[in-house]
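Quick look at model17.txt (compact mmCIF, C-alpha atoms):
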# COMPACT_ATOMS: atom_id res chain seq x y z
CA MET A 1 17.70 -2.05 -20.16
CA PRO A 2 15.73 1.18 -20.09
CA SER A 3 12.17 0.99 -21.32
CA GLY A 4 12.40 3.94 -23.72
CA VAL A 5 15.70 4.18 -25.52
CA GLY A 6 15.15 5.80 -28.88
CA ALA A 7 12.78 7.77 -31.01
CA PHE A 8 10.89 5.59 -33.42
CA LEU A 9 11.69 6.34 -37.03
CA SER A 10 9.92 5.40 -40.23
CA LYS A 11 11.64 6.01 -43.55
CA ARG A 12 10.57 4.65 -46.89
CA ALA A 13 10.91 5.73 -50.47
CA PRO A 14 8.43 8.23 -51.88
CA LEU A 15 5.61 7.24 -54.20
CA CYS A 16 5.89 9.37 -57.32
CA PHE A 17 5.70 9.14 -61.05
CA VAL A 18 8.75 11.03 -62.29
CA ASN A 19 11.34 11.14 -65.00
CA PHE A 20 14.57 9.26 -64.42
CA ARG A 21 16.83 12.27 -63.90
CA ASN A 22 14.65 13.82 -61.23
CA ALA A 23 13.67 10.62 -59.46
CA VAL A 24 16.18 10.76 -56.65
CA LYS A 25 15.41 14.41 -55.83
CA ILE A 26 11.71 14.12 -55.07
CA MET A 27 10.58 13.36 -51.52
CA LEU A 28 7.09 13.38 -50.07
CA LYS A 29 5.70 13.49 -46.56
CA PHE A 30 4.51 9.91 -46.64
CA THR A 31 6.66 6.91 -47.45
CA ILE A 32 6.57 3.41 -48.90
CA ARG A 33 9.02 0.65 -49.61
CA LEU A 34 9.57 1.18 -53.30
CA PHE A 35 8.96 3.94 -55.77
CA ILE A 36 8.12 3.84 -59.40
CA ILE A 37 9.79 5.77 -62.14
CA LEU A 38 7.94 6.48 -65.35
CA ALA A 39 8.67 8.63 -68.41
CA PRO A 40 7.92 11.05 -70.07
CA LEU A 41 9.07 14.40 -68.65
CA THR A 42 6.22 14.88 -66.23
CA SER A 43 5.74 14.35 -62.54
CA ILE A 44 2.41 13.29 -61.05
CA CYS A 45 2.29 12.60 -57.33
CA LEU A 46 -0.62 11.62 -55.09
CA ALA A 47 -3.46 12.80 -57.25
CA GLN A 48 -5.94 11.39 -59.68
CA VAL A 49 -5.33 12.57 -63.21
CA GLN A 50 -7.83 15.28 -64.07
CA LEU A 51 -9.13 15.07 -67.61
CA GLU A 52 -11.29 17.64 -69.37
CA ASN A 53 -13.75 14.89 -70.26
CA PRO A 54 -13.67 11.99 -67.77
CA ASP A 55 -15.97 9.94 -70.04
CA ILE A 56 -13.64 10.12 -73.01
CA ILE A 57 -13.23 7.10 -75.30
CA GLY A 58 -10.62 7.64 -77.98
CA GLU A 59 -7.89 6.04 -80.02
CA GLU A 60 -5.09 7.28 -77.76
CA GLU A 61 -4.49 5.65 -74.39
CA GLN A 62 -4.97 7.95 -71.42
CA LYS A 63 -3.11 7.68 -68.12
CA ILE A 64 -5.49 7.43 -65.16
CA VAL A 65 -4.12 7.52 -61.61
CA GLN A 66 -6.05 7.21 -58.37
CA THR A 67 -4.46 7.36 -54.91
CA ARG A 68 -6.19 6.61 -51.62
CA GLN A 69 -5.19 6.13 -48.02
CA MET A 70 -5.89 2.67 -46.61
CA MET A 71 -4.44 -0.05 -44.39
CA GLY A 72 -2.42 2.58 -42.54
CA THR A 73 -0.59 3.64 -45.68
CA TRP A 74 -1.14 4.77 -49.28
CA ALA A 75 -2.42 2.82 -52.25
CA GLU A 76 -2.11 3.91 -55.84
CA ILE A 77 -3.53 2.40 -59.03
CA THR A 78 -2.29 3.51 -62.43
CA VAL A 79 -4.11 2.48 -65.60
CA TYR A 80 -3.50 3.18 -69.27
CA SER A 81 -6.73 2.90 -71.22
CA GLN A 82 -8.66 4.39 -74.12
CA ASP A 83 -11.90 4.21 -72.11
CA VAL A 84 -11.39 6.55 -69.15
CA LYS A 85 -14.87 6.13 -67.70
CA SER A 86 -14.68 2.33 -67.63
CA ALA A 87 -11.14 2.48 -66.25
CA ASN A 88 -12.21 4.68 -63.34
CA ILE A 89 -15.10 2.32 -62.55
CA ALA A 90 -12.68 -0.60 -62.56
CA ILE A 91 -10.24 1.26 -60.31
CA ASP A 92 -13.04 2.01 -57.83
CA SER A 93 -13.89 -1.68 -57.76
CA ALA A 94 -10.25 -2.57 -57.11
CA PHE A 95 -10.02 -0.11 -54.22
CA ASP A 96 -13.24 -1.55 -52.78
CA ALA A 97 -11.63 -5.00 -52.85
CA MET A 98 -8.59 -3.76 -50.91
CA THR A 99 -10.80 -1.96 -48.41
CA ALA A 100 -12.73 -5.18 -47.83
CA VAL A 101 -9.50 -7.05 -47.06
CA ASN A 102 -8.56 -4.41 -44.51
CA GLY A 103 -11.98 -4.67 -42.89
CA LEU A 104 -11.52 -8.40 -42.40
CA MET A 105 -7.85 -8.65 -41.50
CA SER A 106 -6.57 -5.50 -39.79
CA ALA A 107 -5.40 -6.02 -36.22
CA TYR A 108 -5.96 -2.28 -35.68
CA ASN A 109 -9.66 -2.55 -36.54
CA GLN A 110 -11.50 -3.82 -33.47
CA ASP A 111 -14.35 -5.06 -35.67
CA SER A 112 -12.15 -7.20 -37.91
CA GLU A 113 -12.11 -10.97 -37.87
CA ILE A 114 -8.44 -10.97 -36.86
CA SER A 115 -9.19 -8.80 -33.83
CA GLU A 116 -11.93 -11.21 -32.78
CA ILE A 117 -9.56 -14.17 -33.14
CA ASN A 118 -7.06 -12.33 -30.93
CA ARG A 119 -9.72 -11.55 -28.31
CA GLN A 120 -10.71 -15.21 -28.16
CA ALA A 121 -7.14 -16.52 -27.88
CA GLY A 122 -7.00 -19.47 -25.51
CA LYS A 123 -10.80 -19.51 -25.27
CA LYS A 124 -12.74 -20.57 -28.35
CA PRO A 125 -12.53 -20.80 -32.15
CA VAL A 126 -13.84 -17.99 -34.32
CA SER A 127 -15.78 -18.44 -37.55
CA VAL A 128 -14.25 -16.35 -40.32
CA SER A 129 -14.76 -15.56 -44.00
CA PRO A 130 -13.20 -17.76 -46.68
CA GLN A 131 -10.79 -14.89 -47.46
CA THR A 132 -9.42 -14.66 -43.91
CA PHE A 133 -9.19 -18.42 -43.62
CA PHE A 134 -7.28 -18.61 -46.89
CA VAL A 135 -4.76 -15.96 -45.86
CA VAL A 136 -4.14 -17.49 -42.42
CA LYS A 137 -3.78 -20.94 -43.96
CA SER A 138 -1.37 -19.53 -46.55
CA ALA A 139 0.62 -17.81 -43.80
CA ILE A 140 1.06 -21.15 -42.04
CA TYR A 141 2.38 -22.60 -45.30
CA TYR A 142 5.01 -19.83 -45.52
CA SER A 143 5.92 -20.52 -41.89
CA GLU A 144 6.44 -24.19 -42.70
CA ILE A 145 8.65 -23.64 -45.76
CA SER A 146 10.77 -21.05 -43.92
CA ASP A 147 11.24 -23.11 -40.74
CA GLY A 148 9.29 -20.51 -38.78
CA ALA A 149 11.14 -17.46 -40.07
CA PHE A 150 7.76 -16.10 -41.20
CA ASP A 151 5.21 -16.23 -38.37
CA ILE A 152 1.96 -14.29 -38.09
CA THR A 153 1.87 -14.89 -34.31
CA ILE A 154 4.78 -12.42 -33.97
CA SER A 155 2.51 -9.68 -32.55
CA PRO A 156 3.45 -10.05 -28.83
CA LEU A 157 7.13 -9.52 -29.64
CA VAL A 158 6.45 -6.54 -31.90
CA ARG A 159 4.53 -4.93 -29.04
CA SER A 160 7.32 -5.61 -26.57
CA TRP A 161 9.81 -3.85 -28.79
CA GLY A 162 7.51 -0.83 -29.02
CA PHE A 163 6.82 -0.85 -32.73
CA PHE A 164 3.04 -0.77 -32.38
CA ARG A 165 3.36 2.34 -30.20
CA LYS A 166 5.96 3.90 -32.52
CA GLN A 167 8.31 4.38 -29.59
CA GLY A 168 11.15 1.90 -29.72
CA ARG A 169 12.36 0.19 -26.57
CA ILE A 170 14.65 -2.70 -25.73
CA PRO A 171 12.70 -5.11 -23.53
CA PRO A 172 14.49 -7.13 -20.85
CA GLN A 173 15.38 -10.68 -21.85
CA GLU A 174 12.90 -12.05 -19.31
CA GLU A 175 10.07 -10.25 -21.10
CA ILE A 176 11.29 -11.50 -24.49
CA ASP A 177 11.34 -15.08 -23.18
CA GLN A 178 7.78 -14.71 -21.91
CA GLN A 179 6.57 -13.41 -25.27
CA LEU A 180 8.42 -16.11 -27.18
CA ALA A 181 6.17 -18.65 -25.48
CA LEU A 182 3.25 -17.01 -27.30
CA VAL A 183 4.89 -16.92 -30.73
CA ASN A 184 4.45 -20.19 -32.59
CA TYR A 185 2.46 -20.71 -35.77
CA LYS A 186 1.94 -24.32 -34.73
CA LEU A 187 -0.41 -23.04 -32.02
CA ILE A 188 -2.90 -21.84 -34.65
CA GLU A 189 -5.73 -24.36 -34.94
CA LEU A 190 -7.63 -24.48 -38.24
CA ASP A 191 -11.02 -26.08 -38.81
CA SER A 192 -11.30 -26.28 -42.60
CA GLU A 193 -14.82 -27.73 -42.60
CA ARG A 194 -16.30 -24.79 -40.71
CA ASN A 195 -13.77 -22.05 -41.54
CA ARG A 196 -12.88 -21.58 -37.90
CA ILE A 197 -9.60 -20.41 -36.39
CA LYS A 198 -8.42 -20.67 -32.81
CA LEU A 199 -5.27 -19.51 -31.04
CA LEU A 200 -4.46 -22.15 -28.46
CA LYS A 201 -2.83 -19.92 -25.83
CA ASN A 202 -4.23 -16.92 -24.00
CA GLY A 203 -2.19 -13.84 -24.90
CA MET A 204 -1.43 -14.94 -28.45
CA ALA A 205 -2.23 -12.52 -31.26
CA LEU A 206 -2.16 -12.59 -35.04
CA ASP A 207 -0.70 -9.83 -37.19
CA LEU A 208 -1.17 -10.26 -40.94
CA GLY A 209 0.88 -7.18 -41.78
CA GLY A 210 3.44 -9.28 -43.64
CA ILE A 211 0.95 -10.96 -45.96
CA ALA A 212 -2.44 -9.20 -46.07
CA LYS A 213 -1.25 -6.20 -48.10
CA GLY A 214 0.01 -8.53 -50.78
CA TYR A 215 -3.28 -10.41 -50.74
CA ALA A 216 -5.16 -7.11 -51.05
CA VAL A 217 -3.14 -6.24 -54.17
CA ASP A 218 -3.99 -9.65 -55.65
CA GLN A 219 -7.68 -9.03 -54.97
CA ALA A 220 -7.46 -5.65 -56.69
CA ILE A 221 -5.80 -7.22 -59.72
CA GLU A 222 -8.59 -9.81 -59.94
CA LYS A 223 -11.17 -7.03 -60.11
CA LEU A 224 -9.20 -5.17 -62.76
CA ARG A 225 -8.77 -8.28 -64.88
CA ALA A 226 -12.49 -8.98 -64.63
CA SER A 227 -13.10 -5.45 -65.89
CA LYS A 228 -10.87 -6.12 -68.94
CA VAL A 229 -8.21 -3.64 -67.81
CA GLU A 230 -4.97 -4.64 -69.51
CA ASN A 231 -2.29 -2.10 -68.54
CA VAL A 232 -2.20 -1.40 -64.82
CA LEU A 233 0.12 -1.05 -61.86
CA VAL A 234 -1.32 -1.58 -58.37
CA ASN A 235 0.87 -0.31 -55.53
CA LEU A 236 -0.02 -0.73 -51.87
CA SER A 237 2.85 0.49 -49.69
CA GLY A 238 5.39 -1.06 -52.03
CA ASN A 239 3.49 -4.30 -52.55
CA MET A 240 2.96 -4.14 -56.29
CA TYR A 241 1.57 -6.03 -59.23
CA ALA A 242 2.39 -4.95 -62.77
CA MET A 243 0.09 -6.03 -65.58
CA GLY A 244 0.61 -5.08 -69.20
CA HIS A 245 2.74 -1.99 -69.71
CA PRO A 246 2.62 1.82 -69.78
CA LYS A 247 2.09 3.68 -73.03
CA ASP A 248 5.15 3.51 -75.30
CA LYS A 249 6.96 1.17 -72.91
CA GLU A 250 7.49 -2.58 -73.02
CA ALA A 251 7.19 -2.97 -69.21
CA TRP A 252 6.78 -1.05 -65.96
CA HIS A 253 10.01 0.37 -64.51
CA ILE A 254 10.33 -0.21 -60.76
CA GLY A 255 13.01 1.61 -58.76
CA ILE A 256 14.72 -0.15 -55.84
CA ARG A 257 15.76 2.31 -53.15
CA HIS A 258 19.14 2.40 -51.49
CA PRO A 259 18.64 1.21 -47.89
CA ARG A 260 20.89 3.90 -46.42
CA GLN A 261 20.60 6.75 -48.92
CA LYS A 262 16.94 7.67 -48.98
CA ASP A 263 17.27 9.93 -52.03
CA ASN A 264 19.11 7.34 -54.12
CA LEU A 265 18.36 4.10 -55.92
CA LEU A 266 20.30 0.87 -56.14
CA GLY A 267 18.81 0.59 -59.61
CA PHE A 268 15.60 -0.35 -61.31
CA LEU A 269 14.05 -3.34 -63.01
CA LYS A 270 11.47 -3.99 -65.69
CA LEU A 271 8.33 -5.75 -64.54
CA LYS A 272 5.39 -7.23 -66.39
CA GLU A 273 2.77 -9.79 -65.27
CA LYS A 274 4.59 -10.13 -61.95
CA ALA A 275 4.39 -8.94 -58.35
CA ILE A 276 7.16 -7.37 -56.30
CA ALA A 277 7.64 -6.59 -52.60
CA THR A 278 10.49 -5.32 -50.43
CA SER A 279 11.21 -5.73 -46.73
CA GLY A 280 13.76 -3.26 -45.35
CA ASP A 281 15.29 -2.34 -42.02
CA TYR A 282 14.72 1.35 -42.92
CA GLU A 283 10.92 1.10 -42.81
CA LYS A 284 10.43 1.19 -39.04
CA TYR A 285 13.33 1.30 -36.65
CA PHE A 286 14.96 3.02 -33.72
CA ILE A 287 18.61 3.59 -32.88
CA HIS A 288 20.10 2.98 -29.43
CA GLU A 289 23.78 3.56 -28.65
CA GLY A 290 24.55 3.65 -32.36
CA LYS A 291 22.83 0.37 -33.18
CA ARG A 292 19.79 0.09 -35.44
CA TYR A 293 16.85 -2.04 -34.28
CA SER A 294 14.31 -2.68 -37.02
CA HIS A 295 10.70 -3.87 -36.80
CA ILE A 296 11.55 -7.16 -38.54
CA ILE A 297 11.92 -9.53 -35.61
CA ASN A 298 13.17 -13.10 -35.74
CA PRO A 299 10.29 -15.11 -34.23
CA ARG A 300 12.72 -17.79 -33.07
CA THR A 301 15.06 -15.51 -31.08
CA GLY A 302 12.75 -12.62 -30.20
CA HIS A 303 15.27 -10.04 -31.41
CA PRO A 304 15.31 -7.76 -34.49
CA VAL A 305 17.23 -9.15 -37.44
CA SER A 306 20.67 -7.68 -38.10
CA GLY A 307 23.05 -7.99 -41.02
CA ILE A 308 20.33 -7.61 -43.68
CA ALA A 309 19.32 -4.17 -44.98
CA SER A 310 16.63 -5.16 -47.47
CA VAL A 311 15.15 -8.00 -49.47
CA THR A 312 13.21 -7.58 -52.70
CA ILE A 313 11.21 -10.48 -54.11
CA ILE A 314 9.58 -10.94 -57.51
CA ALA A 315 6.84 -13.56 -57.54
CA PRO A 316 3.72 -14.65 -59.45
CA THR A 317 1.43 -13.14 -56.80
CA ALA A 318 1.74 -10.15 -54.50
CA MET A 319 0.87 -12.27 -51.45
CA LYS A 320 3.75 -14.63 -52.20
CA ALA A 321 6.17 -11.74 -52.74
CA ASP A 322 5.01 -10.08 -49.51
CA ALA A 323 5.42 -13.17 -47.32
CA LEU A 324 8.67 -14.33 -48.89
CA SER A 325 10.35 -10.93 -48.56
CA THR A 326 9.92 -11.16 -44.78
CA ALA A 327 10.83 -14.85 -44.59
CA VAL A 328 14.04 -14.37 -46.59
CA PHE A 329 14.96 -11.29 -44.54
CA VAL A 330 14.74 -13.30 -41.32
CA LEU A 331 16.51 -16.36 -42.75
CA GLY A 332 19.52 -14.34 -43.86
CA ALA A 333 21.54 -14.48 -47.05
CA GLU A 334 22.49 -18.15 -47.21
CA LYS A 335 19.25 -19.84 -46.20
CA GLY A 336 17.14 -17.06 -47.67
CA PHE A 337 18.78 -17.47 -51.07
CA GLN A 338 18.15 -21.21 -50.91
CA LEU A 339 14.46 -20.51 -50.30
CA ILE A 340 14.32 -18.15 -53.29
CA LYS A 341 15.91 -20.74 -55.57
CA SER A 342 13.55 -23.48 -54.36
CA LYS A 343 10.38 -21.68 -55.51
CA ASP A 344 9.24 -21.63 -59.12
CA GLY A 345 8.70 -18.18 -60.54
CA VAL A 346 10.43 -16.47 -57.63
CA GLU A 347 13.45 -14.19 -58.00
CA GLY A 348 15.10 -11.87 -55.52
CA ILE A 349 17.91 -9.71 -54.23
CA ILE A 350 19.26 -9.78 -50.68
CA VAL A 351 21.14 -6.66 -49.58
CA GLN A 352 23.55 -7.42 -46.73
CA ILE A 353 25.12 -4.77 -44.52
CA ASP A 354 28.11 -4.99 -42.20
CA ASP A 355 29.14 -3.05 -39.09
CA LYS A 356 30.77 -0.41 -41.30
CA GLU A 357 27.48 0.12 -43.17
CA GLU A 358 28.98 -1.35 -46.34
CA LEU A 359 26.60 -3.22 -48.62
CA SER A 360 26.94 -6.51 -50.46
CA PHE A 361 24.44 -8.30 -52.66
CA VAL A 362 23.12 -11.78 -53.30
CA MET A 363 20.97 -11.87 -56.43
CA SER A 364 19.18 -14.68 -58.26
CA GLU A 365 19.86 -15.17 -61.97
CA GLY A 366 16.34 -14.15 -62.96
CA PHE A 367 16.63 -10.93 -60.96
CA LYS A 368 19.97 -10.11 -62.59
CA LYS A 369 18.38 -10.30 -66.02
CA ARG A 370 15.76 -7.70 -65.06
CA PHE A 371 17.89 -5.42 -62.88
CA ILE A 372 19.76 -2.35 -64.12
CA SER A 373 22.05 -0.95 -61.42
CA TYR A 374 23.25 2.64 -61.04
Output the file's structure as structure tokens, nothing else.
Amino acid sequence: MPSGVGAFLSKRAPLCFVNFRNAVKIMLKFTIRLFIILAPLTSICLAQVQLENPDIIGEEEQKIVQTRQMMGTWAEITVYSQDVKSANIAIDSAFDAMTAVNGLMSAYNQDSEISEINRQAGKKPVSVSPQTFFVVKSAIYYSEISDGAFDITISPLVRSWGFFRKQGRIPPQEEIDQQLALVNYKLIELDSERNRIKLLKNGMALDLGGIAKGYAVDQAIEKLRASKVENVLVNLSGNMYAMGHPKDKEAWHIGIRHPRQKDNLLGFLKLKEKAIATSGDYEKYFIHEGKRYSHIINPRTGHPVSGIASVTIIAPTAMKADALSTAVFVLGAEKGFQLIKSKDGVEGIIVQIDDKEELSFVMSEGFKKRFISY
């Protein structure tokens, strides 16, 4: 196979606050997995709301929006509050919490704890913070319950397929086999007494991209709760947590994008006191000889998953939704649906796609009750 066979593409839904009729028409330069639709007839994208008096405290709730770039993507926090000054302070604290997670766990940050673990692979254990230890330990749990479909040691395979370099390639099978020897969550050694982590083979590498964003959202929500914020939506590249509700609404309305029609939605759902995350084959992919190769790789075969276009999971925490959306995507419709049904408080939709690009759906009962299709 040739080493460079297709231009790398990244397509996600835009992050906007829009009215329902205009939602499918608005596209931005940056992309995320999901987008949110909110009434009334206004559109506010990528900017903090500017108020004449930012210290206002009144009887009417104000809408406060802050958007920042972090973790290689965009994060947005929307709050409805009567106390604008206190809300902005709380939002700043929430963003600080997400930034701290990125500093500890980004494989792209050479000073992070994850990067140090990767450098010491096959050599020695690395002492880490309680936060990093917790996330890695949690990742191993999701590997165990998914029979290895979720695996944070996937990094060598992702590199072989060119997704880190954003230039897709099909590696020879010999290379895939070599990298598969380095992908196994069972080769992560944990020392709970001293918060130390070791990768047992030289060349192994961790990538927390499928779980750390969800954890960062959970950390942000903790800060907002501690600040007595009641009505808030935290959105980090489509990993979301909805708490309370917008003004004059009973819940937050979350749009689910069509995996092949970037300007259209499959529908939307109402969310409150829950997290949501989507994994899709439209996020990062390349096309070679008419076939789509996505960045979601099966850690047991070494090849990108086919036959699934997207998976959306609702869960009690954003970290759980984040990890399970990937695990279910890799497991496929039958086994993935079994995993969804086996977990309390978890609902989901699996969007299958055939060779003719026709879609079919597997949806849990709890998801059906929330979902309004178009």
Non-local contacts of region 329-344 of chain A (10 Å; all atoms listed in the file; under 3 positions in same chain excluded) as a PyMOL selection string = chain A and resi 145-150+278-281+296-300+304-316+324-326+347-352+361-366
Non-local contacts of Arg196 (chain A) (10 Å; all atoms listed in the file; under 3 positions in same chain excluded) as JSON, numbers by chain | {"A": [117, 124, 125, 126, 127, 128, 129, 130, 132, 133, 189, 190, 191, 192, 193]}
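Considering the residues A:Gln167, A:Asp111, A:Lys228, A:Gln66 and counting only C-alpha atoms, Ser294 (chain A) has its shortest atom-to-atom contact with A:Gln167.
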Write out as an mmCIF file with C-alpha atoms, keeping the file's coordinate frame each polymer residue whose atoms come within 8 Å of Ala97 (chain A), counting only C-alpha atoms; drop sequence neighbours fewer than 2 positions from it.
data_model
loop_
_atom_site.group_PDB
_atom_site.id
_atom_site.type_symbol
_atom_site.label_atom_id
_atom_site.label_comp_id
_atom_site.auth_asym_id
_atom_site.auth_seq_id
_atom_site.Cartn_x
_atom_site.Cartn_y
_atom_site.Cartn_z
ATOM 1 C CA SER A 93 -13.890 -1.680 -57.760
ATOM 2 C CA ALA A 94 -10.250 -2.570 -57.110
ATOM 3 C CA PHE A 95 -10.020 -0.110 -54.220
ATOM 4 C CA THR A 99 -10.800 -1.960 -48.410
ATOM 5 C CA ALA A 100 -12.730 -5.180 -47.830
ATOM 6 C CA VAL A 101 -9.500 -7.050 -47.060
ATOM 7 C CA ALA A 216 -5.160 -7.110 -51.050
ATOM 8 C CA GLN A 219 -7.680 -9.030 -54.970
ATOM 9 C CA ALA A 220 -7.460 -5.650 -56.690
ATOM 10 C CA LYS A 223 -11.170 -7.030 -60.110
#
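With only C-alpha atoms as the atoms that count, the minimum distance from Gln69 (chain A) to the choices A:Thr301, A:Ser373, A:Ser237, A:Asn231 is reached by A:Ser237.
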Leu206 (chain A): which residues within 7 Å, counting only C-alpha atoms, same-chain residues fewer than 4 positions away excluded, as a ChimeraX atom specification?
-> /A:114,118,152-153,155
Quick one: residues within 9 Å of Ile154 (chain A), all atoms listed in the file counted, chain neighbours fewer than 6 positions away excluded, as a PyMOL selection string?
-> chain A and resi 179-180+182-185+204-207+297-299+302
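Counting from CA of Asp248 (chain A), the distance to CA of Met319 (chain A) is 28.9 Å.
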Quote the spacing between CA of Thr317 (chain A) and CA of Val234 (chain A) in Å to one decimal place.
-> 12.0 Å
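The spacing separating CA of Arg257 (chain A) from CA of Phe286 (chain A) amounts to 19.5 Å.
Shortest separation to Glu222 (chain A) among A:Asp96, A:Asp322, A:Glu113, A:Glu283 occurs at residue A:Asp96, atoms counted being only C-alpha atoms.
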May I ask which of the residues A:Ile276, A:Leu236, A:Leu271, A:Ile353 is the closest one to Ile372 (chain A), counting all atoms listed in the file?
-> A:Leu271
Protein and nucleic acid residues near (22.2, 6.3, -54.2) (cut-off 12 Å, all atoms listed in the file) as a list in words |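 The residues near that point, listed by chain and number, are Ala13, Ala23, Val24, Lys25, Gly255, Ile256, Arg257, His258, Pro259, Arg260, Gln261, Lys262, Asp263, Asn264, Leu265, Leu266, Gly267, Phe268, Leu359, Ser373 and Tyr374 of chain A.
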Centre, edges in Å (one decimal): axis-aligned box, region 311-315 of chain A, 8 Å padding on all six sides, as JSON:
{"center_x": 11.0, "center_y": -10.6, "center_z": -53.5, "size_x": 24.3, "size_y": 22.0, "size_z": 24.1}
Shortest interatomic distance to Ser227 (chain A) - which of A:Lys249, A:Lys270, A:Lys85, A:Lys123, counting all atoms listed in the file =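 Going through A:Lys249, A:Lys270, A:Lys85, A:Lys123 one by one, the smallest distance to Ser227 (chain A) is for A:Lys85.
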